[in-house]
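Take a look at the structure below.
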Amino acid sequence: MKGLVYGGPGKIEWKDVPKPGLDKPTDAVVKILKTTICGTDLGILHGKTPSVKPGTTLGHEGIGVIEEVGSSVMNFKKGDHVIISCITADGTCEYCKKQMYGHCEDGGWILGNLINGTQAEFVRIPHADNSLYAAPEGIDEEALVMLSDILPTGHEMGVINGCVKPGDTIAIVGAGPIGMSALLTAQFYSPAKIYMIDLDANRLQMAKKLGATHTIQSDQEDAIKKIMSETKDGVDVAIEAVGAPATFDICQRIVRPGGHVANIGVHGHSVDLQIQELWIRNITITMGLVNTNTTPMLLKTVVSGKLEPNKLITHHFKMKDMLHAYEVFGNASKEKAMKVIIEC
C-alpha cells in the first residue's frame with residue numbers, strides 16, 4: 001500500500017509501505033476513505049515535534065471502513081464505517097478513568113506521532129473499541145472527518161477550558177482550522193461578542209460568515225489597542241489558536257481581570273509570560289492536549305444539523321496527490337485554504 005512517510009525535517013515522501021496487520025486482539029485495521037492534513041502535521045514537517053521519528057507514516061484524522069478486527073474488539077466488525085479519533089484510549093488506565101484520554105498510559109496522541117497514522121491506504125487502530133466512533137448513515141463524510149481532531153480540540157481546549165459563558169466577550173487569535181473550530185463551538189454558549197484576529201484577510205472574511213462579530217487584521221491595525229479601546233478592560237476569554245510567542249502575547253495583554261487565556265496552539269518555542277502583570281488580575285491560563293471526551297456530543301450536533309463543519313473545507317485531493325495537498329495546505333494564505341479533504 002501507499003503512505004505519506006516522514007523522512008526528517010522538511011522531508012516527506014508518498015511511497016510504498018507495509019500494510020498493517022493486527023498486533024493485539026484489541027486492534028482494528030481500517031481502510032481509509034477520507035483523511036486530511038492538520039497544522040500539527042506541518043509542525044512535524046518543520047521539525048517542531050521531535051517525538052516523530054523518520055519512517056513514520058503521518059496523519060491522525062480520517063474516516064474509513066473496518067477491514068479486520070481483533071478477537072477482543074466488541075463494538076465493531078468488518079465492514080463498519082467509522083470515525084477515527086486522533087486520540088487512542090485504552091479506557092482502563094488512571095487517566096482514562098478521569099476522561100483524560102489524551103494522557104492514556106497506552107495511547108494518547110500516538111497516531112502519526114509514535115505509530116503509523118492515517119495518511120495511508122490502511123491504518124492500524126489500537127484499542128479500537130475506545131478509539132473509533134460509528135459513522136452515522138446519511139451524514140456528509142467530509143463533515144465527519146472534522147470530528148477526528150479539530151472540532152473537539154477547539155471546543156475542549158479553547159471553549160470549555162476558557163469557560164465561555166453567555167454574554168462574554170471573547171477573542172480568538174488565529175483563524176486557522178482550530179481557531180475556526182473554536183469559533184463554531186463557542187456559539188453553543190451564546191457569547192455577546194466574538195473577535196477573530198489574524199493576518200489573513202480571506203480567513204477573516206470566512207470567520208465573519210461563520211459567526212465572528214468582529215474581525216481584526218493584525219498586520220493592518222494594532223489588535224491590542226483596538227480591543228482595549230472597544231471593551232471596558234479587555235475580553236473575558238482570549239483563545240490562542242496559533243502556537244507562537246507573538247499570538248500568546250496578544251492574549252495575555254487583552255484578557256480582563258478575572259478572565260481566561262485558553263491556549264490551543266502547539267508551541268515549539270518558549271513564550272514571555274508577563275506574570276508580573278497577570279498575578280494581581282486573577283487570570284486563569286489553561287493549555288493541553290485534547291481528550292476527545294466531547295466527541296459524542298459534537299457528533300450529535302453534526303447529525304442534527306446544528307453544527308456544519310463541512311463549511312471549513314476548501315480543497316479536495318485524491319490520495320495519490322498527497323504531496324500536492326501538503327503544498328497547498330502549507331501555503332494556506334496564497335491558496336486560500338482552510339481544511340483539505342484527501343480521498344482514497
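Ordered as shown in the C-alpha cells, chains take letters A, B, and onward, while each chain numbers its residues from 1 and ligands are numbered from 1 in the order shown.
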
Using DSSP on the backbone coordinates, identify all residues within region 164-242 of chain A classified as helix (DSSP H, G or I); present the result as a compact mmCIF listing (two decimals) with C-alpha atoms, in the first residue's frame.
```
# COMPACT_ATOMS: atom_id res chain seq x y z
CA PRO A 177 -8.90 25.38 11.29
CA ILE A 178 -8.51 25.13 15.08
CA GLY A 179 -9.44 28.77 15.61
CA MET A 180 -12.45 28.34 13.33
CA SER A 181 -13.49 25.25 15.29
CA ALA A 182 -13.36 27.29 18.48
CA LEU A 183 -15.46 29.93 16.72
CA LEU A 184 -18.11 27.40 15.67
CA THR A 185 -18.38 25.70 19.04
CA ALA A 186 -18.17 28.89 21.14
CA GLN A 187 -21.55 29.83 19.71
CA PHE A 188 -23.11 26.95 21.68
CA TYR A 189 -22.65 29.19 24.74
CA ALA A 201 -7.99 38.85 5.14
CA ASN A 202 -9.51 35.83 3.39
CA ARG A 203 -9.69 33.84 6.62
CA LEU A 204 -11.19 36.78 8.47
CA GLN A 205 -13.86 37.03 5.78
CA MET A 206 -14.68 33.36 6.33
CA ALA A 207 -14.75 33.90 10.10
CA LYS A 208 -17.33 36.64 9.63
CA LYS A 209 -19.55 34.25 7.67
CA LEU A 210 -19.16 31.60 10.37
CA ALA A 223 -5.14 44.28 17.75
CA ILE A 224 -4.36 45.02 21.39
CA LYS A 225 -5.15 48.74 21.14
CA LYS A 226 -8.34 48.10 19.17
CA ILE A 227 -9.74 45.57 21.61
CA MET A 228 -8.80 47.62 24.67
CA SER A 229 -10.46 50.68 23.11
CA GLU A 230 -13.66 48.80 22.28
```

Problem - Picked from region 147-301 of chain A by DSSP as strand (DSSP E), as a ChimeraX atom specification - result: /A:169-173,193-198,214-217,235-240,255-263,284-287

Exercise for the section: Determine, counting only C-alpha atoms, which protein, DNA and RNA residues have an atom within 8 Å of an atom of Asn293 (chain A); residues of the same chain fewer than 6 positions away are not included. Present the result as a VMD selection string. Expected result: chain A and resid 99 to 101 152

Include C-alpha atoms and write out the residues we just selected as a compact mmCIF listing (two decimals), in the first residue's frame.
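Wrote out35.txt, looks like this:
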```
# COMPACT_ATOMS: atom_id res chain seq x y z
CA GLN A 99 -11.65 11.21 30.94
CA MET A 100 -8.12 12.48 30.30
CA TYR A 101 -7.83 10.26 27.25
CA PRO A 152 -13.10 18.53 19.83
```

Practice task
Compile the contact shell of Ala135 (chain A) as number ranges by chain: residues with an atom at most 7 Å away, counting only C-alpha atoms, same-chain residues fewer than 6 positions apart removed.
Solution key: A: 81-83

Between region 58-98 of chain A and region 121-129 of chain A, at 7 Å or less, what are the per-residue closest atom pairs and their distances in Å? Count only C-alpha atoms, order by chain and rising residue number, and return it as CSV.
```
residue,atom,partner,partner_atom,distance
A:Val73,CA,A:Asp129,CA,6.0
A:Met74,CA,A:Asp129,CA,6.7
A:Asn75,CA,A:Asp129,CA,5.7
A:Thr88,CA,A:His127,CA,6.8
A:Ala89,CA,A:His127,CA,6.3
A:Asp90,CA,A:His127,CA,5.4
```

Kindly export the residues of the current selection with N, CA and C atoms, as a PDB file, in the first residue's frame.
```
ATOM      1  N   VAL A  73     -12.198  -7.132  20.192  1.00  0.00           N
ATOM      2  CA  VAL A  73     -12.991  -5.956  19.820  1.00  0.00           C
ATOM      3  C   VAL A  73     -14.468  -6.330  19.856  1.00  0.00           C
ATOM      4  N   MET A  74     -15.236  -5.595  20.641  1.00  0.00           N
ATOM      5  CA  MET A  74     -16.636  -5.941  20.874  1.00  0.00           C
ATOM      6  C   MET A  74     -17.619  -5.052  20.119  1.00  0.00           C
ATOM      7  N   ASN A  75     -17.248  -3.794  19.866  1.00  0.00           N
ATOM      8  CA  ASN A  75     -18.212  -2.816  19.361  1.00  0.00           C
ATOM      9  C   ASN A  75     -18.216  -2.653  17.854  1.00  0.00           C
ATOM     10  N   THR A  88      -5.967   7.909  20.992  1.00  0.00           N
ATOM     11  CA  THR A  88      -6.143   6.489  21.266  1.00  0.00           C
ATOM     12  C   THR A  88      -6.302   6.304  22.776  1.00  0.00           C
ATOM     13  N   ALA A  89      -7.318   5.535  23.184  1.00  0.00           N
ATOM     14  CA  ALA A  89      -7.602   5.380  24.614  1.00  0.00           C
ATOM     15  C   ALA A  89      -7.876   3.920  24.948  1.00  0.00           C
ATOM     16  N   ASP A  90      -7.174   3.415  25.970  1.00  0.00           N
ATOM     17  CA  ASP A  90      -7.452   2.036  26.376  1.00  0.00           C
ATOM     18  C   ASP A  90      -8.694   1.935  27.253  1.00  0.00           C
TER      19      ASP A  90
END
```

Handout entry: Counting only C-alpha atoms, the residue of A:His260, A:Lys306, A:Lys232, A:Lys11 that sits nearest Gly47 (chain A)
Key = A:Lys11

Exercise for the section: Using CA of Ala241 (chain A) and CA of Ala262 (chain A) as the two end points, give the distance in Å to one decimal. Expected result: 8.7 Å

Problem - 7 Å contact set for Asp80 (chain A), only C-alpha atoms, chain neighbours under 3 positions out, as a list in words - result: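 Once the nearby chain positions are removed, what remains is Val65, Ile66, Phe76 and Lys77 of chain A.
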
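Take CA of Ile63 (chain A) and CA of Asp140 (chain A): the distance between them is 11.1 Å.
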
Problem - Atom pair CA of Thr35 (chain A) / CA of Gln119 (chain A): separation (Å) - result: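 Calculated distance between CA of Thr35 (chain A) and CA of Gln119 (chain A) is 6.5 Å.
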
Exercise for the section: Quick one: everything within 12 Å of Ile280 (chain A), counting only C-alpha atoms, minus sequence neighbours fewer than 5 positions away in the same chain. Send it as a ChimeraX atom specification. Expected result: /A:256-259,274-275

Residues of the last selection are to be written out with C-alpha atoms, as a short mmCIF file (atom, residue, chain, number, x, y, z; two decimals), in the first residue's frame.
```
data_model
loop_
_atom_site.label_atom_id
_atom_site.label_comp_id
_atom_site.auth_asym_id
_atom_site.auth_seq_id
_atom_site.Cartn_x
_atom_site.Cartn_y
_atom_site.Cartn_z
CA ARG A 256 -9.50 41.37 31.55
CA PRO A 257 -9.27 40.82 35.33
CA GLY A 258 -10.88 37.52 36.24
CA GLY A 259 -10.61 36.33 32.66
CA GLN A 274 4.07 38.63 31.83
CA ILE A 275 3.43 37.21 35.28
#
```

Problem - Of the listed residues A:Cys163, A:Cys251, A:Val29, A:Leu111, that which approaches Gly70 (chain A) most closely, counting only C-alpha atoms - result: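 Nearest to Gly70 (chain A): A:Val29.
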
Handout entry: Spatial neighbours of Met338 (chain A), max dist 7 Å, only C-alpha atoms, sep filter under 3 positions, as number ranges by chain
Key = A: 176-177, 312-314, 332

Output N, CA and C atoms for every residue in that selection, as a PDB file, in the first residue's frame.
```pdb
ATOM      1  N   GLY A 176      -7.105  29.891  11.721  1.00  0.00           N
ATOM      2  CA  GLY A 176      -6.908  28.624  11.025  1.00  0.00           C
ATOM      3  C   GLY A 176      -7.987  27.633  11.406  1.00  0.00           C
ATOM      4  N   PRO A 177      -7.864  26.370  11.011  1.00  0.00           N
ATOM      5  CA  PRO A 177      -8.902  25.378  11.294  1.00  0.00           C
ATOM      6  C   PRO A 177      -9.241  25.241  12.775  1.00  0.00           C
ATOM      7  N   LEU A 312     -15.802  24.393   6.644  1.00  0.00           N
ATOM      8  CA  LEU A 312     -14.374  24.684   6.775  1.00  0.00           C
ATOM      9  C   LEU A 312     -13.553  24.098   5.626  1.00  0.00           C
ATOM     10  N   ILE A 313     -14.154  23.252   4.815  1.00  0.00           N
ATOM     11  CA  ILE A 313     -13.418  22.536   3.771  1.00  0.00           C
ATOM     12  C   ILE A 313     -13.343  23.400   2.506  1.00  0.00           C
ATOM     13  N   THR A 314     -12.123  23.602   2.035  1.00  0.00           N
ATOM     14  CA  THR A 314     -11.917  24.466   0.864  1.00  0.00           C
ATOM     15  C   THR A 314     -11.313  23.731  -0.333  1.00  0.00           C
ATOM     16  N   ALA A 332      -1.335  28.180   2.842  1.00  0.00           N
ATOM     17  CA  ALA A 332      -2.772  28.403   3.007  1.00  0.00           C
ATOM     18  C   ALA A 332      -3.211  29.804   2.611  1.00  0.00           C
TER      19      ALA A 332
END
```

Handout entry: Best match for closeness to Lys318 (chain A) among A:Leu114, A:Ile250, A:Ala120, A:Ala28, counting only C-alpha atoms
Key =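 Counting only C-alpha atoms, the residue closest to Lys318 (chain A) is A:Ala120.
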